[in-house]
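Colleague: Structure supplied as protein_29.cif; contents: mmCIF, C-alpha atoms.
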```
data_target
#
loop_
_atom_site.label_atom_id
_atom_site.label_comp_id
_atom_site.auth_asym_id
_atom_site.auth_seq_id
_atom_site.Cartn_x
_atom_site.Cartn_y
_atom_site.Cartn_z
CA MET O 1 -43.89 101.51 -14.49
CA LYS O 2 -47.42 102.22 -13.28
CA LEU O 3 -47.57 102.83 -9.54
CA ALA O 4 -50.88 103.15 -7.74
CA ILE O 5 -51.53 104.33 -4.18
CA VAL O 6 -54.79 103.14 -2.64
CA LYS O 7 -57.02 106.12 -1.87
CA TYR O 8 -59.19 105.63 1.19
CA ASN O 9 -60.24 107.39 4.39
CA ALA O 10 -56.81 107.36 6.01
CA GLY O 11 -54.23 110.08 6.49
CA ASN O 12 -50.65 110.36 5.34
CA ILE O 13 -51.26 109.39 1.72
CA GLN O 14 -49.76 112.64 0.39
CA SER O 15 -46.51 111.98 2.24
CA VAL O 16 -46.08 108.70 0.39
CA LEU O 17 -46.76 110.40 -2.92
CA TYR O 18 -44.15 113.08 -2.18
CA ALA O 19 -41.59 110.49 -1.07
CA LEU O 20 -42.03 108.67 -4.37
CA GLU O 21 -41.60 111.98 -6.20
CA ARG O 22 -38.30 112.51 -4.38
CA ILE O 23 -36.98 109.24 -5.79
CA GLY O 24 -38.23 110.13 -9.24
CA MET O 25 -41.44 108.09 -9.33
CA GLU O 26 -44.95 109.14 -10.19
CA ALA O 27 -47.99 107.43 -8.74
CA ALA O 28 -51.74 107.60 -9.16
CA VAL O 29 -53.71 108.03 -5.93
CA THR O 30 -56.88 106.15 -6.71
CA ASP O 31 -59.72 103.93 -5.54
CA ASP O 32 -60.57 102.95 -9.12
CA HIS O 33 -60.64 99.16 -9.30
CA ARG O 34 -59.31 99.01 -12.83
CA VAL O 35 -56.40 101.36 -12.22
CA LEU O 36 -55.42 99.44 -9.09
CA SER O 37 -55.71 96.05 -10.80
CA GLU O 38 -53.67 97.14 -13.80
CA ALA O 39 -50.90 98.90 -11.84
CA ASP O 40 -47.45 97.28 -11.81
CA LYS O 41 -47.14 97.98 -8.10
CA VAL O 42 -49.67 98.99 -5.47
CA ILE O 43 -48.94 100.89 -2.27
CA PHE O 44 -51.47 100.72 0.57
CA PRO O 45 -50.45 103.42 3.09
CA GLY O 46 -52.37 105.01 5.89
CA VAL O 47 -52.56 106.43 9.35
CA GLY O 48 -55.91 106.05 11.02
CA GLU O 49 -58.28 103.72 12.82
CA ALA O 50 -58.77 100.09 11.77
CA SER O 51 -62.55 99.58 11.93
CA THR O 52 -63.53 102.75 10.04
CA ALA O 53 -60.86 102.02 7.43
CA MET O 54 -62.07 98.41 6.93
CA GLN O 55 -65.66 99.58 6.69
CA TYR O 56 -64.72 102.14 4.05
CA LEU O 57 -62.78 99.55 2.04
CA ALA O 58 -65.64 97.03 2.24
CA GLU O 59 -68.24 99.55 1.11
CA ARG O 60 -66.23 100.07 -2.07
CA GLY O 61 -65.29 96.47 -2.68
CA LEU O 62 -61.63 97.37 -2.16
CA ASP O 63 -61.22 94.66 0.50
CA THR O 64 -61.81 91.85 -2.00
CA LEU O 65 -59.81 93.62 -4.69
CA LEU O 66 -56.75 94.14 -2.46
CA LYS O 67 -56.42 90.57 -1.27
CA ASN O 68 -56.70 89.24 -4.82
CA LEU O 69 -53.98 91.46 -6.31
CA THR O 70 -51.13 89.50 -7.90
CA GLN O 71 -48.59 92.31 -8.45
CA PRO O 72 -46.30 93.45 -5.61
CA VAL O 73 -48.32 95.25 -2.91
CA LEU O 74 -46.73 97.27 -0.09
CA GLY O 75 -48.79 98.05 3.00
CA ILE O 76 -47.47 100.84 5.23
CA CYS O 77 -48.39 101.30 8.93
CA LEU O 78 -52.19 100.97 9.17
CA GLY O 79 -52.10 99.51 5.63
CA MET O 80 -49.90 96.68 6.86
CA GLN O 81 -52.08 96.10 9.92
CA LEU O 82 -55.20 95.90 7.74
CA MET O 83 -53.49 93.15 5.72
CA CYS O 84 -53.37 90.94 8.87
CA ASN O 85 -56.13 88.62 10.13
CA HIS O 86 -57.52 90.71 12.92
CA SER O 87 -56.84 93.92 14.85
CA GLU O 88 -57.56 94.53 18.51
CA GLU O 89 -58.35 98.11 17.54
CA ASN O 90 -62.14 98.06 17.92
CA ASP O 91 -62.05 94.26 17.44
CA THR O 92 -61.77 94.47 13.67
CA ASP O 93 -61.58 91.60 11.21
CA CYS O 94 -59.04 92.60 8.57
CA LEU O 95 -58.05 91.37 5.10
CA GLY O 96 -56.40 88.13 6.23
CA ILE O 97 -53.45 88.29 3.87
CA PHE O 98 -50.85 87.92 6.61
CA ASP O 99 -51.51 85.14 9.09
CA THR O 100 -51.00 87.19 12.25
CA ARG O 101 -52.92 89.37 14.65
CA VAL O 102 -52.58 93.05 15.55
CA LYS O 103 -52.47 93.90 19.25
CA ARG O 104 -52.19 97.03 21.37
CA PHE O 105 -48.92 97.74 23.15
CA THR O 106 -49.07 96.97 26.85
CA VAL O 107 -49.93 99.81 29.17
CA ASP O 108 -46.55 100.14 30.87
CA LEU O 109 -45.09 101.53 27.63
CA LYS O 110 -45.44 105.03 26.25
CA ILE O 111 -48.14 104.78 23.62
CA PRO O 112 -47.94 105.53 20.75
CA GLN O 113 -44.39 104.43 20.07
CA ILE O 114 -43.08 107.58 18.38
CA GLY O 115 -39.62 107.77 16.90
CA TRP O 116 -36.74 105.92 15.32
CA ASN O 117 -36.25 102.28 16.16
CA SER O 118 -33.99 99.63 14.64
CA ILE O 119 -35.10 96.84 12.34
CA GLU O 120 -33.41 93.44 12.85
CA GLN O 121 -33.51 90.00 11.25
CA THR O 122 -34.61 91.52 7.96
CA ARG O 123 -35.28 89.23 5.03
CA GLY O 124 -36.52 89.53 1.45
CA PRO O 125 -36.03 91.93 -1.44
CA LEU O 126 -37.40 94.95 0.45
CA PHE O 127 -34.30 95.01 2.64
CA GLU O 128 -31.59 94.40 0.07
CA GLY O 129 -28.59 96.58 0.90
CA ILE O 130 -30.13 97.75 4.18
CA PRO O 131 -27.66 97.25 7.05
CA ALA O 132 -28.79 95.20 10.04
CA GLY O 133 -30.04 97.44 12.81
CA ALA O 134 -30.92 100.31 10.46
CA TYR O 135 -33.23 102.90 11.99
CA THR O 136 -36.68 103.66 10.64
CA TYR O 137 -39.44 105.97 11.85
CA PHE O 138 -42.41 104.50 13.73
CA VAL O 139 -45.67 106.03 14.95
CA HIS O 140 -48.13 103.42 16.19
CA SER O 141 -50.12 102.12 19.15
CA TYR O 142 -50.81 98.64 17.72
CA TYR O 143 -48.37 96.05 16.42
CA ALA O 144 -48.41 92.77 14.48
CA GLU O 145 -47.29 89.71 16.42
CA LEU O 146 -44.32 87.68 15.26
CA CYS O 147 -45.23 84.91 12.83
CA SER O 148 -43.73 82.79 10.04
CA GLU O 149 -44.28 85.72 7.63
CA THR O 150 -42.27 88.19 9.74
CA ALA O 151 -39.71 89.92 7.50
CA ALA O 152 -38.19 92.28 10.09
CA VAL O 153 -38.24 92.39 13.89
CA THR O 154 -38.27 95.48 16.13
CA HIS O 155 -38.34 95.66 19.91
CA TYR O 156 -40.66 97.93 21.85
CA GLY O 157 -41.34 96.31 25.19
CA ALA O 158 -41.33 93.00 23.33
CA PRO O 159 -40.35 91.98 19.79
CA PHE O 160 -42.96 92.53 17.07
CA SER O 161 -43.21 92.27 13.26
CA SER O 162 -41.89 95.53 11.84
CA ALA O 163 -42.23 93.97 8.37
CA LEU O 164 -44.18 91.08 6.90
CA GLN O 165 -43.95 89.29 3.59
CA LYS O 166 -46.03 86.61 1.94
CA ASN O 167 -45.72 85.94 -1.78
CA ASN O 168 -46.39 89.27 -3.58
CA PHE O 169 -47.55 90.99 -0.39
CA TYR O 170 -45.19 93.17 1.65
CA GLY O 171 -45.96 95.19 4.75
CA VAL O 172 -43.95 97.58 6.91
CA GLN O 173 -45.03 99.00 10.25
CA PHE O 174 -42.63 101.93 10.01
CA HIS O 175 -42.90 104.84 7.60
CA PRO O 176 -40.38 104.51 4.76
CA GLU O 177 -41.68 107.82 3.41
CA LYS O 178 -40.38 109.52 6.59
CA SER O 179 -37.32 107.36 7.25
CA ALA O 180 -34.67 109.49 5.51
CA ALA O 181 -32.22 107.70 3.18
CA ILE O 182 -32.98 104.21 4.56
CA GLY O 183 -36.66 104.69 3.84
CA GLU O 184 -35.93 105.87 0.31
CA GLN O 185 -33.81 102.76 -0.28
CA ILE O 186 -36.66 100.53 0.92
CA LEU O 187 -39.09 102.28 -1.44
CA ARG O 188 -36.60 101.88 -4.31
CA ASN O 189 -36.23 98.20 -3.44
CA PHE O 190 -39.99 97.76 -3.58
CA ILE O 191 -40.16 99.44 -6.96
CA ARG O 192 -37.45 97.12 -8.28
CA ILE O 193 -39.23 93.92 -7.25
CA LYS O 194 -40.10 91.90 -10.36
CA MET E 1 -34.34 100.00 20.70
CA LEU E 2 -36.31 103.22 20.41
CA THR E 3 -33.79 106.05 20.16
CA LYS E 4 -33.72 109.46 21.79
CA ARG E 5 -34.53 112.20 19.30
CA ILE E 6 -32.76 115.46 18.46
CA ILE E 7 -35.12 118.10 17.09
CA PRO E 8 -34.05 121.47 15.67
CA CYS E 9 -36.77 124.11 15.88
CA LEU E 10 -37.18 126.73 13.16
CA ASP E 11 -39.14 129.89 13.90
CA ILE E 12 -41.03 131.13 10.86
CA LYS E 13 -42.31 134.62 10.22
CA ASP E 14 -44.08 135.48 6.97
CA GLY E 15 -42.71 132.33 5.41
CA ARG E 16 -39.06 132.99 6.38
CA THR E 17 -36.88 131.66 9.17
CA VAL E 18 -36.12 134.21 11.86
CA LYS E 19 -33.25 134.61 14.31
CA GLY E 20 -29.91 135.51 12.82
CA ILE E 21 -28.97 132.37 11.03
CA ASN E 22 -25.56 132.10 9.50
CA PHE E 23 -24.83 129.12 7.29
CA GLU E 24 -22.50 129.71 4.40
CA ASN E 25 -23.12 126.23 3.00
CA ILE E 26 -26.81 126.82 2.47
CA ARG E 27 -27.97 128.85 -0.48
CA ASP E 28 -30.66 130.60 1.50
CA ALA E 29 -30.73 129.97 5.24
CA GLY E 30 -33.75 132.25 5.48
CA ASP E 31 -35.69 129.69 3.48
CA PRO E 32 -37.24 127.21 5.93
CA VAL E 33 -37.28 124.52 3.25
CA GLU E 34 -33.53 124.83 2.57
CA LEU E 35 -32.62 124.99 6.23
CA GLY E 36 -34.91 122.08 7.11
CA ALA E 37 -33.41 119.97 4.34
CA PHE E 38 -29.94 120.79 5.64
CA TYR E 39 -30.83 119.61 9.15
CA ALA E 40 -32.42 116.45 7.76
CA GLU E 41 -29.20 115.65 5.90
CA GLN E 42 -27.23 116.33 9.07
CA GLY E 43 -29.14 113.64 10.92
CA ALA E 44 -31.89 115.57 12.72
CA ASP E 45 -34.58 113.10 13.78
CA GLU E 46 -37.50 115.44 13.34
CA LEU E 47 -38.10 119.12 12.73
CA VAL E 48 -40.43 121.62 14.36
CA PHE E 49 -41.58 124.66 12.42
CA LEU E 50 -43.08 127.27 14.69
CA ASP E 51 -45.02 129.99 12.92
CA ILE E 52 -44.82 133.27 14.79
CA THR E 53 -46.61 135.26 12.10
CA ALA E 54 -48.99 137.53 13.89
CA THR E 55 -51.64 138.11 11.28
CA VAL E 56 -54.39 135.78 10.19
CA GLU E 57 -54.10 136.66 6.50
CA LYS E 58 -50.60 135.19 6.46
CA ARG E 59 -51.88 131.76 7.43
CA LYS E 60 -52.23 130.76 3.80
CA THR E 61 -48.50 131.35 3.41
CA LEU E 62 -47.97 128.76 6.13
CA SER E 63 -49.97 126.01 4.42
CA GLU E 64 -48.11 126.68 1.16
CA LEU E 65 -44.82 126.50 3.03
CA VAL E 66 -45.82 123.24 4.74
CA ASN E 67 -46.57 121.79 1.32
CA LYS E 68 -43.11 122.76 0.06
CA ILE E 69 -41.45 121.33 3.17
CA SER E 70 -43.26 118.00 2.83
CA HIS E 71 -42.23 117.71 -0.81
CA ARG E 72 -38.59 118.23 0.07
CA ILE E 73 -37.93 116.77 3.52
CA ASN E 74 -37.68 113.02 4.19
CA ILE E 75 -38.07 113.06 7.99
CA PRO E 76 -41.15 113.83 10.10
CA PHE E 77 -42.02 117.39 11.00
CA THR E 78 -44.38 119.21 13.35
CA VAL E 79 -46.00 122.56 12.65
CA GLY E 80 -47.11 124.89 15.43
CA GLY E 81 -48.04 128.47 16.14
CA GLY E 82 -51.49 130.00 16.36
CA ILE E 83 -53.39 126.80 15.62
CA SER E 84 -56.87 127.08 17.09
CA SER E 85 -59.28 124.90 15.14
CA ILE E 86 -59.81 121.51 13.54
CA GLU E 87 -59.94 123.29 10.17
CA ASP E 88 -56.47 124.83 10.73
CA VAL E 89 -55.10 121.38 11.47
CA SER E 90 -56.87 119.68 8.60
CA VAL E 91 -55.26 122.08 6.11
CA LEU E 92 -51.77 121.58 7.58
CA LEU E 93 -52.04 117.78 7.64
CA GLN E 94 -53.41 117.70 4.10
CA ASN E 95 -50.38 119.69 3.03
CA GLY E 96 -48.10 117.07 4.53
CA ALA E 97 -47.39 118.00 8.16
CA ASP E 98 -46.94 114.87 10.28
CA LYS E 99 -47.95 116.46 13.57
CA ILE E 100 -49.25 119.79 14.76
CA SER E 101 -48.64 121.47 18.08
CA VAL E 102 -51.21 123.45 20.02
CA ASN E 103 -50.62 125.71 22.99
CA THR E 104 -52.71 128.72 24.08
CA ALA E 105 -55.83 127.80 22.10
CA ALA E 106 -55.87 124.33 23.65
CA PHE E 107 -55.53 125.77 27.16
CA LYS E 108 -58.44 128.14 26.57
CA ASN E 109 -60.49 125.40 24.93
CA PRO E 110 -59.34 121.97 26.09
CA ALA E 111 -62.06 120.33 23.95
CA LEU E 112 -59.86 121.24 20.98
CA ILE E 113 -57.41 118.51 22.04
CA ALA E 114 -60.15 115.89 22.25
CA GLY E 115 -61.54 117.00 18.90
CA LEU E 116 -58.16 116.83 17.20
CA ALA E 117 -57.36 113.43 18.70
CA ARG E 118 -60.73 112.07 17.58
CA GLU E 119 -60.45 113.52 14.09
CA PHE E 120 -56.78 112.85 13.31
CA GLY E 121 -55.47 110.55 16.05
CA SER E 122 -53.39 111.30 19.15
CA GLN E 123 -50.17 110.55 17.28
CA CYS E 124 -50.32 113.89 15.49
CA VAL E 125 -51.41 116.04 18.44
CA VAL E 126 -48.50 117.63 20.29
CA LEU E 127 -49.32 119.81 23.29
CA ALA E 128 -46.78 122.60 23.72
CA ILE E 129 -46.50 123.98 27.25
CA ASP E 130 -44.53 127.07 28.21
CA THR E 131 -43.86 126.78 31.91
CA LYS E 132 -42.10 128.82 34.57
CA GLN E 133 -41.05 127.94 38.08
CA GLU E 134 -42.22 130.61 40.49
CA ALA E 135 -40.89 131.61 43.89
CA ASP E 136 -43.19 129.06 45.55
CA GLY E 137 -41.25 126.31 43.74
CA GLU E 138 -44.22 125.30 41.58
CA TRP E 139 -44.18 125.20 37.79
CA TYR E 140 -47.04 127.21 36.24
CA VAL E 141 -48.43 127.29 32.71
CA TYR E 142 -47.90 130.48 30.71
CA LEU E 143 -49.80 131.45 27.58
CA ASN E 144 -49.37 133.71 24.56
CA GLY E 145 -45.72 132.97 24.03
CA GLY E 146 -44.95 133.33 27.73
CA ARG E 147 -46.60 136.72 28.19
CA THR E 148 -49.61 135.58 30.23
CA LYS E 149 -49.36 133.74 33.53
CA THR E 150 -52.02 131.27 34.61
CA ASP E 151 -52.70 129.61 37.96
CA MET E 152 -52.57 126.14 36.41
CA ARG E 153 -49.74 123.86 37.49
CA CYS E 154 -47.79 122.47 34.57
CA GLU E 155 -48.16 118.87 35.72
CA ASP E 156 -51.92 119.20 36.13
CA TRP E 157 -52.38 120.67 32.67
CA ALA E 158 -50.13 118.09 31.04
CA ARG E 159 -52.04 115.25 32.72
CA GLN E 160 -55.38 116.73 31.69
CA ALA E 161 -54.22 117.19 28.09
CA VAL E 162 -52.96 113.61 27.84
CA ASP E 163 -56.28 112.36 29.21
CA LEU E 164 -57.99 114.39 26.49
CA GLY E 165 -55.84 112.81 23.79
CA ALA E 166 -52.56 114.70 23.41
CA GLY E 167 -50.00 112.23 22.06
CA GLU E 168 -46.83 114.07 22.97
CA ILE E 169 -45.78 116.97 25.22
CA LEU E 170 -43.38 119.70 24.09
CA LEU E 171 -42.22 121.22 27.37
CA THR E 172 -40.41 124.57 27.33
CA SER E 173 -38.98 125.92 30.56
CA MET E 174 -39.06 129.71 30.46
CA ASN E 175 -36.56 129.79 33.33
CA HIS E 176 -34.04 127.99 31.15
CA ASP E 177 -34.92 129.09 27.61
CA GLY E 178 -32.13 131.20 26.12
CA THR E 179 -29.77 130.70 29.07
CA LYS E 180 -27.68 127.86 27.56
CA GLN E 181 -27.27 126.66 31.15
CA GLY E 182 -28.98 123.31 30.62
CA PHE E 183 -32.52 121.98 30.43
CA ALA E 184 -35.03 121.99 33.30
CA LEU E 185 -34.28 118.49 34.52
CA ASP E 186 -36.71 118.22 37.43
CA ILE E 187 -39.95 119.17 35.69
CA THR E 188 -38.91 117.26 32.55
CA GLU E 189 -38.26 114.15 34.64
CA LYS E 190 -41.60 114.53 36.43
CA LEU E 191 -43.57 114.67 33.19
CA ALA E 192 -41.46 112.13 31.30
CA THR E 193 -41.78 109.47 33.99
CA GLY E 194 -45.30 110.39 35.10
CA LEU E 195 -47.07 110.57 31.74
CA PRO E 196 -47.81 107.71 29.32
CA VAL E 197 -46.72 109.79 26.28
CA PRO E 198 -43.31 111.02 25.03
CA VAL E 199 -41.94 114.31 26.36
CA ILE E 200 -39.81 116.66 24.27
CA ALA E 201 -37.62 118.88 26.45
CA SER E 202 -36.98 122.41 25.26
CA GLY E 203 -35.13 125.43 26.61
CA GLY E 204 -31.62 125.75 27.94
CA GLY E 205 -29.61 123.30 25.87
CA GLY E 206 -26.22 124.99 25.42
CA THR E 207 -23.60 122.24 25.47
CA MET E 208 -23.47 118.59 24.47
CA PRO E 209 -23.39 117.40 28.13
CA HIS E 210 -26.69 119.24 28.64
CA PHE E 211 -28.27 116.88 26.12
CA VAL E 212 -26.80 113.84 27.88
CA GLU E 213 -28.28 115.12 31.15
CA VAL E 214 -31.75 115.75 29.77
CA PHE E 215 -31.92 112.16 28.52
CA THR E 216 -30.33 110.46 31.56
CA LYS E 217 -31.51 112.60 34.49
CA GLY E 218 -34.44 114.32 32.77
CA LYS E 219 -35.66 111.06 31.17
CA ALA E 220 -36.76 113.08 28.13
CA ASP E 221 -37.74 111.18 24.99
CA ALA E 222 -36.50 113.97 22.74
CA ALA E 223 -34.66 117.28 23.06
CA LEU E 224 -35.38 120.40 21.06
CA ALA E 225 -33.13 123.38 20.47
CA ALA E 226 -32.89 126.28 18.07
CA SER E 227 -30.11 128.81 18.22
CA ILE E 228 -27.27 126.43 19.15
CA PHE E 229 -27.94 124.62 15.88
CA HIS E 230 -28.66 127.76 13.87
CA PHE E 231 -25.45 129.42 15.04
CA LYS E 232 -23.46 126.23 14.53
CA GLU E 233 -22.41 126.13 18.16
CA ILE E 234 -23.26 122.44 18.06
CA ALA E 235 -23.33 120.36 14.88
CA ILE E 236 -25.87 117.54 14.92
CA PRO E 237 -23.43 114.80 13.81
CA ASP E 238 -21.04 115.78 16.64
CA LEU E 239 -23.89 115.83 19.15
CA LYS E 240 -25.06 112.37 18.08
CA GLN E 241 -21.53 110.99 18.40
CA PHE E 242 -21.21 112.56 21.85
CA LEU E 243 -24.50 110.99 22.95
CA ARG E 244 -23.48 107.59 21.60
CA ASP E 245 -20.17 107.82 23.45
CA ALA E 246 -22.17 108.55 26.60
CA GLY E 247 -24.13 105.33 26.07
CA ILE E 248 -27.34 106.94 24.81
CA GLU E 249 -28.94 105.26 21.83
CA VAL E 250 -29.47 107.67 18.96
CA ARG E 251 -30.03 107.18 15.26
CA HIS E 252 -26.89 107.29 13.16
#
```
In structure tokens, how does this file's structure come out?
Modeller:
Amino acid sequence: MKLAIVKYNAGNIQSVLYALERIGMEAAVTDDHRVLSEADKVIFPGVGEASTAMQYLAERGLDTLLKNLTQPVLGICLGMQLMCNHSEENDTDCLGIFDTRVKRFTVDLKIPQIGWNSIEQTRGPLFEGIPAGAYTYFVHSYYAELCSETAAVTHYGAPFSSALQKNNFYGVQFHPEKSAAIGEQILRNFIRIK
Amino acid sequence: MLTKRIIPCLDIKDGRTVKGINFENIRDAGDPVELGAFYAEQGADELVFLDITATVEKRKTLSELVNKISHRINIPFTVGGGISSIEDVSVLLQNGADKISVNTAAFKNPALIAGLAREFGSQCVVLAIDTKQEADGEWYVYLNGGRTKTDMRCEDWARQAVDLGAGEILLTSMNHDGTKQGFALDITEKLATGLPVPVIASGGGGTMPHFVEVFTKGKADAALAASIFHFKEIAIPDLKQFLRDAGIEVRH
């Protein structure tokens, strides 16, 4: 099993690497097109700002590469948001893999949402064996709207897509790498996807 | 629903946990990595590691320790103590810390908060405030681990820090810290309802009802405690059950 983590100008990449280590997996952290294309699975993590991240990806041709991958791809947090059509964060056009938009939480909420929130209405192989209402760890100020590709729903002020899935593309708004045993199970589930 | 968080705090000196910790089921309770992993397994929602090492040359020990913690622990953690520059923070985040907390250095140089928020995002910038209610009834900011009084009102400083980009406030009441008589509900409630960021209440938690109170009356988003967990006066699974029974949503 060759696992690759997309290396770009976003934080939190080490945490994903360490979480994979804890479940006995090794991964290459790389921006090398060939390594990413040939990996069995690709993880696209990240904590950061949308427009600078998209610009960085575009400068290296990683935007085109990512949306054309055919193996299972898992976007985490900012990674997932960048896989959507557009983000309100600095009015950024994103990769357009998921047919939904990323918006900022309304001002009457505490922003960012920080902490453990439950995931409901989960579907797909990522959530096999995960009990309904399981808690995962979130840190974010922007969220993906509900859409036909929503694979999990979480409420913060209003319901939003805490996971998305379309064909070989998976995205989670929460941080499986920081979500204790539930998060580890979700990472294991991703690794098992054929 | 977003849950209320329970956060054990571990004081670190020269790479070891301090305060007389007594856990027979941990191989080495003086090892912050072992103790942190124990709390994570017990259901702690986050951890705070506060470095009280006095000397600058020991800082490297801290980044090595943070790296070990992030390899081992599967929940988020914050690192604080003596952080005064963007470079300090960069090293800690690169080694796997999820958030950092700043206190005295940020008060003396508020631009540090703006710089950190710009560089790394507000979500990883926790402002720690040590505050004390004086005879005039006002809550004032104290620095240097509570040794130095300032004329700044706690609420004013918290508001200013949030405007600069602090993403969370860790509020310690010096009047309550160590008393086990309950958290400072009034100032916690003022900040938690008045500020657009989460507030972590610290100082005074001695019984399980104190935690219920700090979430219901104090409106805190999270509660932090040290010795009651270290001395096993309260076990985290029991506390979570107690909170659930009181109708407070917590992770289980």
Colleague: Check what the PyMOL selection byres ((chain E and resi 43-45) around 8) selects in the file above and give those residues as a list of chain:residue names.
Modeller: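 For this structure, the PyMOL selection byres ((chain E and resi 43-45) around 8) captures O:Gly115, O:Trp116, E:Arg5, E:Ile6, E:Ile7, E:Pro8, E:Tyr39, E:Ala40, E:Glu41, E:Gln42, E:Glu46, E:Leu47, E:Ile75, E:Pro76, E:Ile236, E:Pro237, E:Arg251, E:His252.
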Colleague: Let's have the selection written as a PDB file, keeping the file's coordinate frame, with C-alpha atoms.
Modeller:
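Written file, again.pdb:
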```
ATOM      1  CA  GLY O 115     -39.620 107.770  16.900  1.00  0.00           C
ATOM      2  CA  TRP O 116     -36.740 105.920  15.320  1.00  0.00           C
TER       3      TRP O 116
ATOM      4  CA  ARG E   5     -34.530 112.200  19.300  1.00  0.00           C
ATOM      5  CA  ILE E   6     -32.760 115.460  18.460  1.00  0.00           C
ATOM      6  CA  ILE E   7     -35.120 118.100  17.090  1.00  0.00           C
ATOM      7  CA  PRO E   8     -34.050 121.470  15.670  1.00  0.00           C
ATOM      8  CA  TYR E  39     -30.830 119.610   9.150  1.00  0.00           C
ATOM      9  CA  ALA E  40     -32.420 116.450   7.760  1.00  0.00           C
ATOM     10  CA  GLU E  41     -29.200 115.650   5.900  1.00  0.00           C
ATOM     11  CA  GLN E  42     -27.230 116.330   9.070  1.00  0.00           C
ATOM     12  CA  GLU E  46     -37.500 115.440  13.340  1.00  0.00           C
ATOM     13  CA  LEU E  47     -38.100 119.120  12.730  1.00  0.00           C
ATOM     14  CA  ILE E  75     -38.070 113.060   7.990  1.00  0.00           C
ATOM     15  CA  PRO E  76     -41.150 113.830  10.100  1.00  0.00           C
ATOM     16  CA  ILE E 236     -25.870 117.540  14.920  1.00  0.00           C
ATOM     17  CA  PRO E 237     -23.430 114.800  13.810  1.00  0.00           C
ATOM     18  CA  ARG E 251     -30.030 107.180  15.260  1.00  0.00           C
ATOM     19  CA  HIS E 252     -26.890 107.290  13.160  1.00  0.00           C
TER      20      HIS E 252
END
```
Colleague: May I have the residues within 12 Å of stretch 64-67 of chain E as a count of residues only, using only C-alpha atoms and disregarding those fewer than 4 positions away in the same chain?
Modeller: 41
Colleague: In Å, with one decimal, what is the gap from atom CA of O:Glu21 to atom CA of O:Glu184?
Modeller: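 Interatomic distance, atom CA of O:Glu21 to atom CA of O:Glu184: 10.6 Å.
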Colleague: As a ChimeraX atom specification, please: the residues near O:Leu62 (cut-off 10 Å, all atoms listed in the file, same-chain neighbours under 6 positions excluded).
Modeller: /O:6-8,31-33,36,54-56,68
Colleague: Could you spell out the hits of the PyMOL selection byres ((chain O) within 8 of (chain E)) on the shown file, as a PyMOL selection string?
Modeller: chain O and resi 11-12+14-15+18-19+21-22+48+108-112+114-118+135+139-140+154-156+177-181
Colleague: Which residues would end up in the selection if the PyMOL selection byres ((chain E and resi 176) around 12) were applied here, given that I need the answer as a ChimeraX atom specification?
Modeller: /E:130-133,171-175,177-188,201-206,210,225
Colleague: I need stretch 102-112 of chain O written out with N, CA and C atoms, as an mmCIF file, in the first residue's frame; please produce it.
Modeller:
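Heads up, here's the output in result.cif:
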```
data_model
loop_
_atom_site.group_PDB
_atom_site.id
_atom_site.type_symbol
_atom_site.label_atom_id
_atom_site.label_comp_id
_atom_site.auth_asym_id
_atom_site.auth_seq_id
_atom_site.Cartn_x
_atom_site.Cartn_y
_atom_site.Cartn_z
ATOM 1 N N VAL O 102 -18.468 26.796 -0.187
ATOM 2 C CA VAL O 102 -17.967 26.931 1.181
ATOM 3 C C VAL O 102 -18.274 28.344 1.668
ATOM 4 N N LYS O 103 -18.953 28.405 2.814
ATOM 5 C CA LYS O 103 -19.389 29.710 3.344
ATOM 6 C C LYS O 103 -18.843 29.930 4.747
ATOM 7 N N ARG O 104 -18.870 31.188 5.180
ATOM 8 C CA ARG O 104 -18.440 31.492 6.547
ATOM 9 C C ARG O 104 -19.627 31.340 7.484
ATOM 10 N N PHE O 105 -19.362 30.831 8.688
ATOM 11 C CA PHE O 105 -20.413 30.742 9.700
ATOM 12 C C PHE O 105 -20.979 32.125 9.970
ATOM 13 N N THR O 106 -22.259 32.183 10.328
ATOM 14 C CA THR O 106 -22.866 33.492 10.582
ATOM 15 C C THR O 106 -22.317 34.092 11.872
ATOM 16 N N VAL O 107 -22.406 35.405 11.945
ATOM 17 C CA VAL O 107 -21.698 36.132 12.996
ATOM 18 C C VAL O 107 -22.217 35.909 14.413
ATOM 19 N N ASP O 108 -23.445 35.379 14.547
ATOM 20 C CA ASP O 108 -23.939 35.208 15.916
ATOM 21 C C ASP O 108 -23.387 33.936 16.576
ATOM 22 N N LEU O 109 -22.541 33.202 15.854
ATOM 23 C CA LEU O 109 -21.909 32.015 16.432
ATOM 24 C C LEU O 109 -20.493 32.358 16.865
ATOM 25 N N LYS O 110 -19.960 31.534 17.779
ATOM 26 C CA LYS O 110 -18.541 31.674 18.099
ATOM 27 C C LYS O 110 -17.751 31.095 16.924
ATOM 28 N N ILE O 111 -16.836 31.890 16.420
ATOM 29 C CA ILE O 111 -16.053 31.473 15.264
ATOM 30 C C ILE O 111 -14.581 31.580 15.629
ATOM 31 N N PRO O 112 -13.744 30.580 15.368
ATOM 32 C CA PRO O 112 -14.090 29.304 14.736
ATOM 33 C C PRO O 112 -14.926 28.393 15.638
#
```
